[in-house]
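Read the structure below first, then the notes.
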Amino acid sequence: MSRRSQGRPVLGEVAGGLVLAFLVMPIFAVVPASMNDASFIKIPPAVYSFRWYGQFFHDPSWISALANSVEVAVLATVFSVAIGTSAALGIERLPPATRSLAVGLVLSPLIVPVIMISISLYYVTRTIGLYGTAAGLALSHALLCLPFVVLNVGVSLKRLDPNLVRAAEGLGAGPWRVFRTVTFPAILPGLAGGATFAFVTSFDEVVISIFIAGYGAKTLPVKLWEQIRFEFTPVAAVASTVILALTMVLFVLARRAAARNAATAAAEDA
Amino acid sequence: MTMSAGMHGVSFRQVSKSYGAVRALRPLDLEIEPGEFLTLLGPSGSGKTTLLNIAAGFLDPDGGQVVIGSRDVTALPPRARNVGMVFQNYALFPHLDVFENVAYGLRVRRVADAELRARVDTALGLVQLGDFGARAINQLSGGQQQRVALARAMVIEPDLLLMDEPLGALDRQLRKHVQLEIRRLHNEKPRTTIYVTHDQEEALVMSDRVAIMRDGRIEQIGTPHELYDRPRNAYSASFLGESNLLPVHIDEVRDDRASFTVDGPEALRSQSQGDDLPGPGPALLLARPEAVRPAADGEPGLEAVVEETVYLGELVATRLRMSTGQTVWMRRMNAPPHEVGARIRITWDPAKARLLPEKKPS
Amino acid sequence: MILAGTASPPPAAARSQRAARAVMTAALLLPATLFLAGWFLWPLGQLLVLSLSSPEGPTAAYRALAESEVFRSVFVNTLLLAVVVTVICTLLAYPAAWLLTRVRGFWFSVALYCVLLPFWISILVRTFSWMLLLERNGPVNNLLMAVGATHQPLRLLFNQFSVHVGMVHVLLPYAILPIYASMLKVDRRLLLASDGLGASSRTTFLRVFLPLTMPGVMAGAAFVFLLALGFFITPALLGGPQNLTAAMLIDSFVNERLVWPMAAAASFILLLMVLAVLLLTSRFVAIGSVMVMK
C-alpha cells in the first residue's frame with residue numbers, strides 16, 4: 001500500500017472508527033442494565049446483581065415466551081430451509097431471464113413494508129384459524145427467512161462445478177444419488193449459513209409477531225415489546241440480554257464457519 | 001466385467017446440434033473401431049467438445065443416432081451409457097479422498113466391498129498412485145489429480161472412454177510425460193477412446209486415428225501418418241505439422257500427373273504426382289520444411305534470402321524470404337548453416353510435396 | 001436453415017428426457033411458489049380488496065387519505081424522515097467503509113464484525129438500548145452534565161432526535177456494505193497514477209476515488225431509503241406522539257381506530273412509494289448481493 005495516507009485519510013479513518021464504535025457499542029447497553037440490583041434501571045448500576053435474571057427464569061410468562069420463540073424459530077427454519085433449498089435448486093435450472101424473475105419473487109417479502117405483510121397476515125390468519133398459533137407464526141416468519149436460504153444456497157450452487165455433477169452422472173449415479181453425494185455436500189455450507197440466519201431472523205422478528213402471535217404464541221420479542229412500551233424494567237433488560245447472547249453465539253459460529261469455508265475454497269483454488 | 005469391456009465400436013450417424021443460429025455440429029457421420037484411440041483435433045468452436053458431450057449424454061443431439069457396440073444410446077441418460085469421462089479440470093469430488101473418488105462408480109454399481117477394494121487398488125496402481133488412496137484431493141498436484149481422474153474413469157470398465165483436453169491444465173514437461181503414460185495404458189489394455197484436444201502434438205503422439213474438425217464437421221480423418229503426408233487441403237495441412245504453402249497455377253492434369261507453375265517472377269515450372277489432384281487453375285503447393293532443400297548447381301530453383309537460422313540439435317531450421325515476400329521454413333539434418341542475409345536458391349523434393357486445392361471446397 | 005431438411009427432428013426419447021427435466025424443475029419450484037402465492041400474494045390481494053371496500057364506496061378510503069391534511073402530512077413526514085436518515089447514513093457509512101479497506105488482519109476482522117453483527121441483533125433490543133441510553137437519567141445525559149455541556153438533563157427521548165439516532169443506527173450497516181464493495185473494486189493503480197501526476201491527496205479523492213465509488217454510495221443510499229420508508233418499531237418506540245410515520249398510522253388504523261379499509265389503503269400508498277423508489281434506483285440496487293454478505 002502507498003504511504004500517501006498521511007493527512008486527510010487519517011482523519012477519514014478516525015471518523016470511520018468512530019462510526020463503527022457508534023454501530024456496536026450502544027447494542028450492549030442492555031447488558032449492564034440487566035445487572036441492576038434496584039428495581040429501576042441505572043447505567044452503570046449502583047449495585048450489581050443478578051437478581052432479575054432469577055426473576056426472569058422463574059417467571060412462567062417469560063419462560064413460555066422464550067420457549068415459544070425457540071419453537072417458532074425452529075419450525076420457521078426447518079420449513080424455509082426445506083422449501084428454500086428446493087427452490088434454489090429449481091432456480092438454478094431456469095433460463096437466465098426467468099431466473100431473475102424467480103429470484104425477484106423470492107426477495108419481494110423483504111421489499112414490501114413489513115407492516116403491510118403483518119396486517120395482511122393478521123387479516124387472513126384470523127379467518128383460517130392460524131392466528132395465535134406457532135404454526136401460523138412460523139409460516140409468516142418463513143416469508144422473511146426464505147430469501148436468505150435461497151440466496152445462500154444459490155451462491156453455493158453457483159460455485160459448484162457443473163462437471164462434478166456430470167462426472168457423477170457419467171459414473172452411473174441417478175438424480176437422487178447425485179444430489180446426496182455431490183450437490184448436497186457442496187451446498188451444505190451455504191445451507192448451514194442460510195439456516196442459521198433464518199433462525200435468527202425468526203427469533204428476532206417483532207412486527208409480524210406483534211400482529212399475529214396473539215396470546216397463544218407470544219414470543220420473547222412480543223413480550224419485550226409490550227413491556228418496554230410502558231416501562232423500563234430490569235427484567236426487560238434481562239430478556240434483551242438473553243436475546244442478544246443467543247444471537248451473538250450464533251453470529252460467532254456462523255462467522256467461524258464462513259471463515260473456514262473461505263480458507264478451504266482458497267486451498268482448493270491454490 | 002465381460003471380456004469385451006472397452007472393445008465396442010462407436011457410430012455417430014447424422015448427428016447434428018445447433019445452439020440457436022449457431023450450428024455446432026452439421027449432420028456428421030463417424031465410425032470408431034473397437035479398441036481404437038481416436039482424437040478429435042480442432043480449434044475451439046469446431047464442434048469437438050459438443051460431439052464428446054453428445055457421446056457422454058450430457059447433450060442431446062438435435063438429430064441423428066449414437067450407437068455404442070450394438071446399443072443405440074441416443075436417448076439414454078449419461079448414467080445408463082457406461083461411458084468413462086475425464087474432464088479438463090478433472091472434476092474430482094473435493095469432499096472425497098482419492099480412494100473414494102475412484103470407488104464412486106463402483107459404489108453406484110453396488111460392487112461388493114472386497115472386489116471394490118481390489119479394483120480401486122489395481123486402478124490406482126495402474127496410474128502409479130498406489131499409496132495415495134487416503135489423500136485428500138487438494139493435497140495432490142495437477143498431474144496426480146489428472147491420474148486420479150483417469151483411474152476413476154477406467155475403473156468402471158467403460159465401453160467408451162472420453163477425454164476432454166485432459167492435459168490442458170498441465171505444464172509442458174508434465175504434459176509430455178502424461179501423454180506417453182496415457183498411450184502406455186492404452187497399449188496395455190486397448191479400449192475405445194475419444195480424445196479431444198487442440199494440441200497437434202498430443203494428437204500425433206497418442207492417436208490411432210485423428211479427425212480434424214472445423215465448423216461443426218470433420219474436415220479429414222486418418223492415421224497421423226496419413227494426415228501428415230496426405231492432407232486434403234490447406235486447413236488440414238496447417239493444423240497438423242508445419243507447412244509451407246506456395247501459390248501455384250496448375251497448367252495441365254493428365255492421369256495422376258499435374259504440371260504447374262509457381263507464382264512469382266521466376267515462373268518455375270514443375271510436376272507433381274498424386275491421386276486426388278485438383279483441376280487446372282490456381283492451387284497451393286504444400287512443401288513441409290523437411291521437403292525444402294537448397295537447389296543444386298544448375299538445378300532450377302526459387303530465389304530466397306536467409307533471414308534466420310535456428311539450431312535444434314542436429315536439425316537446422318532456416319527462415320527464408322522469397323522474392324514474392326512469402327516466408328518459407330526449411331529444415332535440414334546435419335546441414336551446414338547459411339549465413340543470415342545470404343541469397344540462395346531453393347527447391348523441394350517432388351515426392352514429399354503435394355498439390356492442394358486453393359480454397360476449401362465448400 | 002437451408003439444411004434444415006437434412007436434420008431429422010429430435011428423437012422422441014430425447015424430447016421426453018427434456019420434458020422430464022422440465023417437470024423436475026417445476027417440482028423443485030412448486031413448494032416455494034405455492035407458499036409465496038398462498039401466504040404472501042393472496043393475503044396482499046385480500047388487503048387490496050379490503051382497501052376498496054369502504055362502506056362509502058370503493059375509492060373512499062384512498063380519497064379520505066388524500067384529502068385529509070393530517071394523513072397527508074404523515075406521509076410527507078415519513079418521506080422527509082427517510083431522506084434525512086438516508087443522508088446521515090450515507091455520510092457516516094463512507095468513512096466506515098473506507099476504514100474497512102484500510103485495515104488488515106486482526107483489525108479487519110474486528111471492523112468487519114462491527115458491520116455484520118448489527119444485522120443479527122434484534123432491532124427491538126437495539127432500540128431498547130437507545131431508550132436506556134437517551135433516558136432523562138441515562139448515561140448520555142450523565143456524560144453531558146459531567147463535562148458541563150448542560151446543567152440539567154436534556155430531553156433526548158421521544159422526539160425527532162431520538163428517532164433519527166435510532167434509525168440511523170439500525171440502517172447504517174445497509175449503507176456500509178455496498179459502499180465498501182464499490183471501494184474494493186477501485187483499482188489502486190488509478191490512485192497512484194493520480195498521485196504520480198502531482199495531484200494532492202484531496203484532489204485524488206475528489207476527482208478519482210469519490211466518482212469511482214459513487215455507484216456504491218447510490219446503492220447504499222437507495223437501500224437505506226427503501227427500508228426507512230416502511231420503518232415501524234424504532235420510530236414507534238423512540239418517537240413522540242408528533243413523530244407519526246406511515247407504518248405507525250397503519251398500525252393505529254388497525255389496532256386503535258379499527259378502520260381496516262383505511263389501513264389497507266394506506267399500506268398500498270406506502271407500497272407504491274417503495275416501488276417508485278425501487279424503480280428509480282433499480283440501476284444501483286442489487287438487494288440480493290447485500291443480503292448474502294451478512
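Lettering and numbering for the C-alpha cells are positional, with chains as A, B, ... in the shown order, residues counted from 1 in each chain, and ligands counted from 1 in the shown order.
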Q.
With only C-alpha atoms considered, list every residue of chain C at most 6 Å from chain A, as a list of chain:residue names.
A.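 Those within range of chain A come out as C:Thr25, C:Leu28, C:Leu29, C:Pro31, C:Ala32, C:Pro43, C:Leu44, C:Leu47, C:Pro95, C:Ala96, C:Leu99, C:Cys114, C:Ser122, C:Val125, C:Arg126, C:Ser129, C:Gly230, C:Ser267.
Every protein or nucleic acid residue with an atom no more than 9 Å from range 226-238 of chain B, counting only C-alpha atoms and leaving out same-chain residues fewer than 5 positions away, appears here: Val210, Ile212, Met213, Arg214, Glu219, Gln220, Ile221, Ser243, Asn244, Leu245, Asp276, Leu284, Leu286, Lys352, Ala353, Arg354, Leu355, Leu356, Pro357, Glu358, Lys359, Lys360 and Pro361 of chain B.
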Proximal residues of chain B relative to chain C (only C-alpha atoms; 6 Å) as a short mmCIF file (atom, residue, chain, number, x, y, z; two decimals) with N, CA and C atoms, in the first residue's frame:
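Here's the written file part20.cif:
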data_model
loop_
_atom_site.label_atom_id
_atom_site.label_comp_id
_atom_site.auth_asym_id
_atom_site.auth_seq_id
_atom_site.Cartn_x
_atom_site.Cartn_y
_atom_site.Cartn_z
N ASP B 62 -29.68 -32.68 -31.82
CA ASP B 62 -30.94 -32.27 -32.44
C ASP B 62 -31.47 -33.38 -33.33
N GLY B 63 -30.54 -34.16 -33.90
CA GLY B 63 -30.97 -35.26 -34.74
C GLY B 63 -29.84 -36.27 -34.83
N ALA B 75 -30.98 -41.97 -26.70
CA ALA B 75 -31.99 -41.50 -25.76
C ALA B 75 -31.64 -41.84 -24.31
#
Q | Distance query range 55-61 of chain B at most 6 Å, only C-alpha atoms, self and fewer than 6 positions along chain excluded, as a VMD selection string | A | chain B and resid 16 to 17 77 to 78
Selection export as a PDB file, in the first residue's frame, atoms kept: N, CA and C atoms:
ATOM      1  N   SER B  16     -26.412 -34.099 -35.330  1.00  0.00           N
ATOM      2  CA  SER B  16     -26.349 -32.648 -35.523  1.00  0.00           C
ATOM      3  C   SER B  16     -26.746 -31.946 -34.236  1.00  0.00           C
ATOM      4  N   LYS B  17     -26.263 -30.704 -34.115  1.00  0.00           N
ATOM      5  CA  LYS B  17     -26.602 -29.915 -32.922  1.00  0.00           C
ATOM      6  C   LYS B  17     -26.445 -28.438 -33.249  1.00  0.00           C
ATOM      7  N   PRO B  77     -29.847 -41.599 -20.676  1.00  0.00           N
ATOM      8  CA  PRO B  77     -29.141 -40.604 -19.868  1.00  0.00           C
ATOM      9  C   PRO B  77     -27.697 -41.063 -19.638  1.00  0.00           C
ATOM     10  N   PRO B  78     -26.812 -40.146 -19.243  1.00  0.00           N
ATOM     11  CA  PRO B  78     -25.398 -40.499 -19.083  1.00  0.00           C
ATOM     12  C   PRO B  78     -25.193 -41.728 -18.198  1.00  0.00           C
TER      13      PRO B  78
END
Can you build me a table of chain A residues sitting at most 10 Å from chain B, with the closest atom pair per residue and its distance in Å to one decimal, using only C-alpha atoms, sorted by chain and residue number, as JSON lines?
{"residue": "A:Asp161", "atom": "CA", "partner": "B:Ala91", "partner_atom": "CA", "distance": 7.3}
{"residue": "A:Pro162", "atom": "CA", "partner": "B:Ala91", "partner_atom": "CA", "distance": 8.5}
{"residue": "A:Asn163", "atom": "CA", "partner": "B:Ala91", "partner_atom": "CA", "distance": 5.6}
{"residue": "A:Leu164", "atom": "CA", "partner": "B:Ala91", "partner_atom": "CA", "distance": 5.0}
{"residue": "A:Val165", "atom": "CA", "partner": "B:Ala91", "partner_atom": "CA", "distance": 8.6}
{"residue": "A:Arg166", "atom": "CA", "partner": "B:Phe58", "partner_atom": "CA", "distance": 7.1}
{"residue": "A:Ala167", "atom": "CA", "partner": "B:Ala91", "partner_atom": "CA", "distance": 6.7}
{"residue": "A:Ala168", "atom": "CA", "partner": "B:Gly105", "partner_atom": "CA", "distance": 7.6}
{"residue": "A:Glu169", "atom": "CA", "partner": "B:Arg79", "partner_atom": "CA", "distance": 5.0}
{"residue": "A:Gly170", "atom": "CA", "partner": "B:Pro78", "partner_atom": "CA", "distance": 5.1}
{"residue": "A:Leu171", "atom": "CA", "partner": "B:Gly105", "partner_atom": "CA", "distance": 4.7}
{"residue": "A:Gly172", "atom": "CA", "partner": "B:Arg79", "partner_atom": "CA", "distance": 3.7}
{"residue": "A:Ala173", "atom": "CA", "partner": "B:Arg79", "partner_atom": "CA", "distance": 5.8}
{"residue": "A:Gly174", "atom": "CA", "partner": "B:Arg79", "partner_atom": "CA", "distance": 6.6}
{"residue": "A:Pro175", "atom": "CA", "partner": "B:Arg79", "partner_atom": "CA", "distance": 9.3}
{"residue": "A:Arg177", "atom": "CA", "partner": "B:Val108", "partner_atom": "CA", "distance": 8.3}
{"residue": "A:Thr181", "atom": "CA", "partner": "B:Phe93", "partner_atom": "CA", "distance": 9.1}
{"residue": "A:Val182", "atom": "CA", "partner": "B:Phe93", "partner_atom": "CA", "distance": 7.2}
{"residue": "A:Pro185", "atom": "CA", "partner": "B:His95", "partner_atom": "CA", "distance": 7.3}
{"residue": "A:Ala186", "atom": "CA", "partner": "B:His95", "partner_atom": "CA", "distance": 8.2}
{"residue": "A:Thr264", "atom": "CA", "partner": "B:Asn138", "partner_atom": "CA", "distance": 9.1}
{"residue": "A:Ala265", "atom": "CA", "partner": "B:Asn138", "partner_atom": "CA", "distance": 9.9}
{"residue": "A:Ala267", "atom": "CA", "partner": "B:Asn138", "partner_atom": "CA", "distance": 7.0}
{"residue": "A:Glu268", "atom": "CA", "partner": "B:Asn138", "partner_atom": "CA", "distance": 5.6}
{"residue": "A:Asp269", "atom": "CA", "partner": "B:Asn138", "partner_atom": "CA", "distance": 8.7}
{"residue": "A:Ala270", "atom": "CA", "partner": "B:Asn138", "partner_atom": "CA", "distance": 8.4}
Q: From range 33-115 of chain A, collect each residue whose DSSP state is alpha helix (DSSP H) and return the set as a VMD selection string.
A: chain A and resid 33 51 to 58 60 to 92 96 to 111 114 to 115
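Atom to atom, CA of Ile68 in chain B and CA of Gly42 in chain B stand 23.5 Å apart.
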Q | Computed interatomic separation between CA of Ala304 in chain B and CA of Leu268 in chain B (Å) | A |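 We find that CA of Ala304 in chain B and CA of Leu268 in chain B lie 13.4 Å from each other.
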**Q.** d(CA of Glu231 in chain A, CA of Leu157 in chain C) in Å
**A.**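 One can read the CA of Glu231 in chain A to CA of Leu157 in chain C distance as 13.6 Å.
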Q: Point out the residue among C:Val85, C:Ala193, C:Leu184, C:Ile250 with the least atom-to-atom distance to Leu227 in chain C, counting only C-alpha atoms.
A: C:Val85
(Q) Here is a test: counting only C-alpha atoms, which residue of C:Leu258, C:Val84, C:Ala265, C:Leu132 is nearest to Ala221 in chain C? (A) C:Val84
Q) Near Thr219 in chain A, counting only C-alpha atoms, which residues have an atom at most 10 Å away, once you skip same-chain residues fewer than 3 positions from it, shown as a PyMOL selection string? A) chain A and resi 61-73+134+137+203-206+209-210+213-216+222-225
Q | Residue neighbourhood range 292-302 of chain B, 7 Å, only C-alpha atoms, exclusion window fewer than 4 positions, as JSON, numbers by chain | A | {"B": [266, 287, 288, 330, 345, 346, 347, 348, 349]}
Q: Tell me which protein, DNA and RNA residues are within 10 Å of Ala236 in chain C, counting only C-alpha atoms, leaving out same-chain ones fewer than 6 positions away, and put them as a ChimeraX atom specification.
A: /A:229 /C:127,158,163,243-245,247-248,251
